[in-house]
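Okay, structure first, notes after.
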Amino acid sequence: TQYGDIQNWKNGREVRRMIWQNDTKYLSEARAVYTIAGNTSKRLYRYNGLESTVLYHPPLGWEKMHCEGYGDTIFYPSRIDPMKRQRRIVEAARYVKSGVRFVLAGSGAESEMNYLRDYIASYDLADRVTLLGFISEEEKRSWYAKCLGVYFGAFDEDYGYITLEAFYSQKPVIVHKDAGGPLEFVNDRENGFVIADNPQEIARCADELYYDRARAEKMGTRGRETLREKNMDWDYVIEKLLED
């Protein structure tokens with residue numbers, strides 16, 4: 001009912017107010033506050049007025065990630081969700097001019113899965129786009145190791161493990177200008193591409209990497225170096241935490 005909707009809205013606002021109030025009260029009592037990314041620190045300051053220090057940490061299984069070359073696929077492993085924008089990479093398949101292929105891994109919202117399947121069928125893109133569904137961590141590392149590059153379409157991500165996994169695998173990353181956390185790592189045309197939310201732009205970047213594998217390798221190598229420069233190391237994280 002309309003009354004029920006109003007009550008739910010009011011209750012939601014009250015719950016949000018309580019979370020803000022308690023976060024501000026109790027976090028401000030800490031000797032030091034750390035976050036996983038600069039984007040998270042910005043939110044903490046915007047909503048709670050609290051300063052914090054960024055401590056980047058490696059993703060699960062980072063030490064097993066490696067590179068086995070630069071094939072013909074752009075890989076995107078993620079939960080299937082509108083905020084992750086899998087639609088864009090599938091739509092980009094209509095515009096590529098090279099032999100590049102797009103491979104998506106993950107499961108999620110059935111409405112999004114149906115959209116992707118219908119779009120692939122409608123434009124006869126089965127030879128361009130592969131939907132793997134759920135895959136194991138070992139399979140994911142294998143795709144990272146052999147792909148040409150990685151697409152990460154998320155909007156306003158907190159941190160973004162996919163960026164880190166790609167760089168540990170020495171692969172360039174394609175992200176959007178509103179990606180959030182990944183923008184703390186991806187530098188346009190240096191270790192990846194920072195582009196508009198546009199399937200034609202994704203296709204252009206994918207073709208660029210396909211036709212210039214040496215550049216893809218150079219950008220991927222630079223990505224791995226970026227992680228070292230960001231002190232992406234558990235020993236560093238623990239050392240900083242123990243200081244306080």
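We name chains A, B, ... following the order of the structure tokens; residues begin at 1 in each chain, and ligands are numbered from 1 as shown.
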Exercise. Please provide the set of residues having any atom within 10 Å of Asp23 (chain A), restricted to only C-alpha atoms, with same-chain residues fewer than 3 positions apart removed, written as a PyMOL selection string.
Key: chain A and resi 17-20+26-28+44+47-48+50
Self-check item: region 163-173 of chain A surroundings by only C-alpha atoms, 8 Å radius, close-in-sequence under 2 positions cut, as a PyMOL selection string
Solution: chain A and resi 58-59+62+65-67+144-145+147-152+160-161+175+182+185-186+191-193+216-217+219-224+227
Restricted to C-alpha atoms, what would the selected residues look like written as an mmCIF file, in the first residue's frame?
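After the write, result24.cif holds the following:
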```cif
data_model
loop_
_atom_site.group_PDB
_atom_site.id
_atom_site.type_symbol
_atom_site.label_atom_id
_atom_site.label_comp_id
_atom_site.auth_asym_id
_atom_site.auth_seq_id
_atom_site.Cartn_x
_atom_site.Cartn_y
_atom_site.Cartn_z
ATOM 1 C CA PRO A 58 46.429 -7.360 -2.559
ATOM 2 C CA PRO A 59 43.529 -9.481 -3.831
ATOM 3 C CA TRP A 62 47.618 -12.551 -6.001
ATOM 4 C CA MET A 65 48.669 -14.628 -10.822
ATOM 5 C CA HIS A 66 50.976 -14.550 -13.812
ATOM 6 C CA CYS A 67 51.175 -13.876 -17.545
ATOM 7 C CA TYR A 144 43.772 -13.603 -16.881
ATOM 8 C CA ALA A 145 47.118 -15.177 -17.778
ATOM 9 C CA CYS A 147 43.978 -12.781 -22.338
ATOM 10 C CA LEU A 148 44.926 -9.693 -24.310
ATOM 11 C CA GLY A 149 43.454 -7.237 -21.845
ATOM 12 C CA VAL A 150 40.774 -6.774 -19.209
ATOM 13 C CA TYR A 151 37.594 -4.702 -19.187
ATOM 14 C CA PHE A 152 36.216 -3.460 -15.853
ATOM 15 C CA GLY A 160 38.109 -2.886 -7.545
ATOM 16 C CA TYR A 161 39.917 -6.226 -7.234
ATOM 17 C CA VAL A 175 37.751 1.378 -17.377
ATOM 18 C CA PRO A 182 40.067 1.762 -10.361
ATOM 19 C CA PHE A 185 45.471 2.720 -10.525
ATOM 20 C CA VAL A 186 44.627 3.005 -14.224
ATOM 21 C CA ASN A 191 48.744 0.966 -18.234
ATOM 22 C CA GLY A 192 45.239 0.924 -19.681
ATOM 23 C CA PHE A 193 42.461 3.133 -21.028
ATOM 24 C CA ALA A 216 49.539 -4.398 -24.830
ATOM 25 C CA GLU A 217 52.519 -6.129 -23.228
ATOM 26 C CA MET A 219 51.018 -1.455 -20.814
ATOM 27 C CA GLY A 220 50.485 -4.659 -18.847
ATOM 28 C CA THR A 221 54.043 -4.605 -17.545
ATOM 29 C CA ARG A 222 53.530 -1.006 -16.487
ATOM 30 C CA GLY A 223 50.398 -2.096 -14.630
ATOM 31 C CA ARG A 224 52.389 -4.533 -12.521
ATOM 32 C CA LEU A 227 51.142 -1.996 -7.925
#
```
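In this structure, CA of Ala105 (chain A) sits 26.2 Å away from CA of Glu225 (chain A).
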Quiz item: Do you have the CA of Ile74 (chain A)-CA of Val103 (chain A) distance handy?
Solution: 6.2 Å
Quiz item: So which residues of region 9-244 of chain A fall under strand (DSSP E or B) by DSSP, listed as a PyMOL selection string?
Solution: chain A and resi 34-35+53-54+73-77+80+101-105+108+129-133+149-151+157+173-176+180+188+192-195
Practice problem: Can you check which residues of region 24-68 of chain A DSSP gives as alpha helix (DSSP H) on the backbone and send them as a list of chain:residue names? | Solution: A:Thr24, A:Lys25, A:Tyr26, A:Leu27, A:Gly38, A:Asn39, A:Thr40, A:Ser41, A:Lys42, A:Arg43, A:Leu44, A:Tyr45, A:Arg46, A:Tyr47, A:Asn48
Show me a table, sorted first by chain and then by increasing residue number, of the residues of region 45-78 of chain A having an atom at most 9 Å from region 96-102 of chain A, each with its shortest atom pair and the distance in Å to one decimal, counting only C-alpha atoms and written as a tab-separated table.
```
residue	atom	partner	partner_atom	distance
A:Gly71	CA	A:Val100	CA	8.8
A:Asp72	CA	A:Val100	CA	5.0
A:Thr73	CA	A:Arg101	CA	4.7
A:Ile74	CA	A:Phe102	CA	4.9
A:Phe75	CA	A:Phe102	CA	6.1
A:Tyr76	CA	A:Phe102	CA	7.8
```
Would you mind exporting all heavy atoms of the selected residues as a PDB file, in the first residue's frame?
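Output contents, as saved in result-v1.pdb:
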```pdb
ATOM      1  N   GLY A  71      46.698 -13.110 -25.834  1.00  0.00           N
ATOM      2  CA  GLY A  71      45.870 -13.765 -26.838  1.00  0.00           C
ATOM      3  C   GLY A  71      44.952 -12.819 -27.576  1.00  0.00           C
ATOM      4  O   GLY A  71      45.297 -11.662 -27.831  1.00  0.00           O
ATOM      5  N   ASP A  72      43.743 -13.275 -27.880  1.00  0.00           N
ATOM      6  CA  ASP A  72      42.816 -12.447 -28.671  1.00  0.00           C
ATOM      7  C   ASP A  72      41.537 -12.137 -27.904  1.00  0.00           C
ATOM      8  O   ASP A  72      40.520 -11.773 -28.505  1.00  0.00           O
ATOM      9  CB  ASP A  72      42.484 -13.138 -29.999  1.00  0.00           C
ATOM     10  CG  ASP A  72      41.793 -14.485 -29.807  1.00  0.00           C
ATOM     11  OD1 ASP A  72      41.616 -14.911 -28.640  1.00  0.00           O
ATOM     12  OD2 ASP A  72      41.436 -15.111 -30.818  1.00  0.00           O
ATOM     13  N   THR A  73      41.556 -12.263 -26.557  1.00  0.00           N
ATOM     14  CA  THR A  73      40.340 -12.031 -25.780  1.00  0.00           C
ATOM     15  C   THR A  73      40.484 -10.861 -24.807  1.00  0.00           C
ATOM     16  O   THR A  73      41.547 -10.648 -24.229  1.00  0.00           O
ATOM     17  CB  THR A  73      39.944 -13.282 -24.966  1.00  0.00           C
ATOM     18  OG1 THR A  73      40.989 -13.599 -24.039  1.00  0.00           O
ATOM     19  CG2 THR A  73      39.700 -14.458 -25.877  1.00  0.00           C
ATOM     20  N   ILE A  74      39.390 -10.139 -24.659  1.00  0.00           N
ATOM     21  CA  ILE A  74      39.249  -9.152 -23.580  1.00  0.00           C
ATOM     22  C   ILE A  74      38.386  -9.826 -22.524  1.00  0.00           C
ATOM     23  O   ILE A  74      37.247 -10.216 -22.796  1.00  0.00           O
ATOM     24  CB  ILE A  74      38.581  -7.856 -24.074  1.00  0.00           C
ATOM     25  CG1 ILE A  74      39.409  -7.214 -25.204  1.00  0.00           C
ATOM     26  CG2 ILE A  74      38.419  -6.879 -22.907  1.00  0.00           C
ATOM     27  CD1 ILE A  74      40.808  -6.768 -24.804  1.00  0.00           C
ATOM     28  N   PHE A  75      38.915  -9.962 -21.330  1.00  0.00           N
ATOM     29  CA  PHE A  75      38.290 -10.743 -20.267  1.00  0.00           C
ATOM     30  C   PHE A  75      37.599  -9.833 -19.256  1.00  0.00           C
ATOM     31  O   PHE A  75      38.120  -8.775 -18.908  1.00  0.00           O
ATOM     32  CB  PHE A  75      39.379 -11.577 -19.579  1.00  0.00           C
ATOM     33  CG  PHE A  75      38.904 -12.524 -18.519  1.00  0.00           C
ATOM     34  CD1 PHE A  75      37.795 -13.335 -18.724  1.00  0.00           C
ATOM     35  CD2 PHE A  75      39.597 -12.632 -17.307  1.00  0.00           C
ATOM     36  CE1 PHE A  75      37.369 -14.231 -17.752  1.00  0.00           C
ATOM     37  CE2 PHE A  75      39.179 -13.516 -16.325  1.00  0.00           C
ATOM     38  CZ  PHE A  75      38.068 -14.322 -16.543  1.00  0.00           C
ATOM     39  N   TYR A  76      36.432 -10.251 -18.780  1.00  0.00           N
ATOM     40  CA  TYR A  76      35.720  -9.494 -17.751  1.00  0.00           C
ATOM     41  C   TYR A  76      35.053 -10.447 -16.766  1.00  0.00           C
ATOM     42  O   TYR A  76      33.944 -10.936 -17.006  1.00  0.00           O
ATOM     43  CB  TYR A  76      34.674  -8.578 -18.378  1.00  0.00           C
ATOM     44  CG  TYR A  76      33.984  -7.635 -17.388  1.00  0.00           C
ATOM     45  CD1 TYR A  76      34.491  -7.407 -16.116  1.00  0.00           C
ATOM     46  CD2 TYR A  76      32.817  -6.966 -17.752  1.00  0.00           C
ATOM     47  CE1 TYR A  76      33.856  -6.550 -15.226  1.00  0.00           C
ATOM     48  CE2 TYR A  76      32.180  -6.098 -16.868  1.00  0.00           C
ATOM     49  CZ  TYR A  76      32.704  -5.899 -15.612  1.00  0.00           C
ATOM     50  OH  TYR A  76      32.077  -5.037 -14.728  1.00  0.00           O
TER      51      TYR A  76
END
```
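Relative to CA of Tyr211 (chain A), CA of Asp124 (chain A) is found at 23.5 Å.
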Quiz item: Neighbours of Pro82 (chain A) within 10 Å (only C-alpha atoms; same-chain residues fewer than 2 positions away dropped), as a list in words?
Solution: Arg79, Ile80, Lys84, Arg85, Gln86, Arg87, Arg88, Gly108, Ala109, Ser111, Glu112, Gly153, Ala154 and Phe155 of chain A
Just-selected residues, C-alpha atoms written as a PDB file, in the first residue's frame:
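The result, stored in selection35.pdb:
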```pdb
ATOM      1  CA  ARG A  79      29.042 -10.413 -10.759  1.00  0.00           C
ATOM      2  CA  ILE A  80      26.480  -9.784 -13.507  1.00  0.00           C
ATOM      3  CA  LYS A  84      29.020  -3.587 -13.415  1.00  0.00           C
ATOM      4  CA  ARG A  85      27.920  -2.695 -16.960  1.00  0.00           C
ATOM      5  CA  GLN A  86      28.443  -6.018 -18.725  1.00  0.00           C
ATOM      6  CA  ARG A  87      25.977  -4.666 -21.281  1.00  0.00           C
ATOM      7  CA  ARG A  88      28.595  -2.275 -22.606  1.00  0.00           C
ATOM      8  CA  GLY A 108      24.022 -12.652 -11.181  1.00  0.00           C
ATOM      9  CA  ALA A 109      20.770 -10.874 -11.928  1.00  0.00           C
ATOM     10  CA  SER A 111      17.249  -9.876 -15.965  1.00  0.00           C
ATOM     11  CA  GLU A 112      20.795  -8.882 -16.928  1.00  0.00           C
ATOM     12  CA  GLY A 153      32.938  -1.624 -16.407  1.00  0.00           C
ATOM     13  CA  ALA A 154      31.916  -0.975 -12.794  1.00  0.00           C
ATOM     14  CA  PHE A 155      30.431   2.383 -11.802  1.00  0.00           C
TER      15      PHE A 155
END
```
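Of the residues under consideration (A:Gly61, A:Pro77, A:Gly180, A:Gly69), A:Gly61 shows the shortest atom-to-atom contact distance to Glu138 (chain A) when counting only C-alpha atoms.
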Practice problem: Could you give me, as a list of chain:residue names, the residues within 10 Å of Lys240 (chain A), counting only C-alpha atoms and dropping anything in the same chain fewer than 6 positions from it? | Solution: A:Tyr34, A:Leu55, A:Trp234
Requested write-out: all heavy atoms of the selected residues, as an mmCIF file, in the first residue's frame:
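New file out.cif:
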```
data_model
loop_
_atom_site.group_PDB
_atom_site.id
_atom_site.type_symbol
_atom_site.label_atom_id
_atom_site.label_comp_id
_atom_site.auth_asym_id
_atom_site.auth_seq_id
_atom_site.Cartn_x
_atom_site.Cartn_y
_atom_site.Cartn_z
ATOM 1 N N TYR A 34 41.718 3.700 8.788
ATOM 2 C CA TYR A 34 42.253 3.316 7.484
ATOM 3 C C TYR A 34 41.121 2.852 6.580
ATOM 4 O O TYR A 34 40.108 2.317 7.045
ATOM 5 C CB TYR A 34 43.263 2.173 7.633
ATOM 6 C CG TYR A 34 44.520 2.560 8.386
ATOM 7 C CD1 TYR A 34 44.613 2.353 9.758
ATOM 8 C CD2 TYR A 34 45.592 3.141 7.727
ATOM 9 C CE1 TYR A 34 45.759 2.701 10.461
ATOM 10 C CE2 TYR A 34 46.741 3.498 8.410
ATOM 11 C CZ TYR A 34 46.816 3.282 9.778
ATOM 12 O OH TYR A 34 47.953 3.637 10.472
ATOM 13 N N LEU A 55 45.147 2.338 2.782
ATOM 14 C CA LEU A 55 46.077 1.204 2.802
ATOM 15 C C LEU A 55 45.596 0.182 1.776
ATOM 16 O O LEU A 55 44.633 -0.540 2.020
ATOM 17 C CB LEU A 55 46.120 0.567 4.191
ATOM 18 C CG LEU A 55 47.169 1.058 5.184
ATOM 19 C CD1 LEU A 55 47.099 0.241 6.461
ATOM 20 C CD2 LEU A 55 48.570 1.004 4.602
ATOM 21 N N TRP A 234 51.204 -7.083 1.661
ATOM 22 C CA TRP A 234 50.640 -7.326 2.986
ATOM 23 C C TRP A 234 51.607 -6.945 4.104
ATOM 24 O O TRP A 234 51.200 -6.489 5.166
ATOM 25 C CB TRP A 234 50.227 -8.783 3.131
ATOM 26 C CG TRP A 234 48.857 -9.065 2.582
ATOM 27 C CD1 TRP A 234 48.535 -9.873 1.529
ATOM 28 C CD2 TRP A 234 47.613 -8.528 3.060
ATOM 29 N NE1 TRP A 234 47.182 -9.868 1.311
ATOM 30 C CE2 TRP A 234 46.586 -9.068 2.241
ATOM 31 C CE3 TRP A 234 47.268 -7.654 4.083
ATOM 32 C CZ2 TRP A 234 45.247 -8.746 2.427
ATOM 33 C CZ3 TRP A 234 45.927 -7.336 4.279
ATOM 34 C CH2 TRP A 234 44.933 -7.883 3.455
#
```
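Among the candidates A:Lys177, A:Lys64, A:Ser78, A:Arg228, the residue lying nearest to Ser142 (chain A) is A:Lys64 (atoms considered: only C-alpha atoms).
Of the listed residues (A:Asp207, A:Glu63, A:Glu29, A:Glu201), A:Glu63 comes nearest to Met232 (chain A); the distances count only C-alpha atoms.
The smallest atom-to-atom distance between Thr130 (chain A) and any of A:Tyr95, A:Lys146, A:Leu104, A:Gly49, using only C-alpha atoms, is found for A:Leu104.
When the distance limit is 8 Å and only C-alpha atoms are what count, the residues near Val33 (chain A), minus those fewer than 4 positions from it on the same chain, are A:Leu27, A:Glu51, A:Ser52, A:Thr53.
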Quiz item: Pick from A:Val90, A:Ile162, A:Cys205, A:Ile36: nearest to Leu131 (chain A), with only C-alpha atoms counted?
Solution: A:Val90
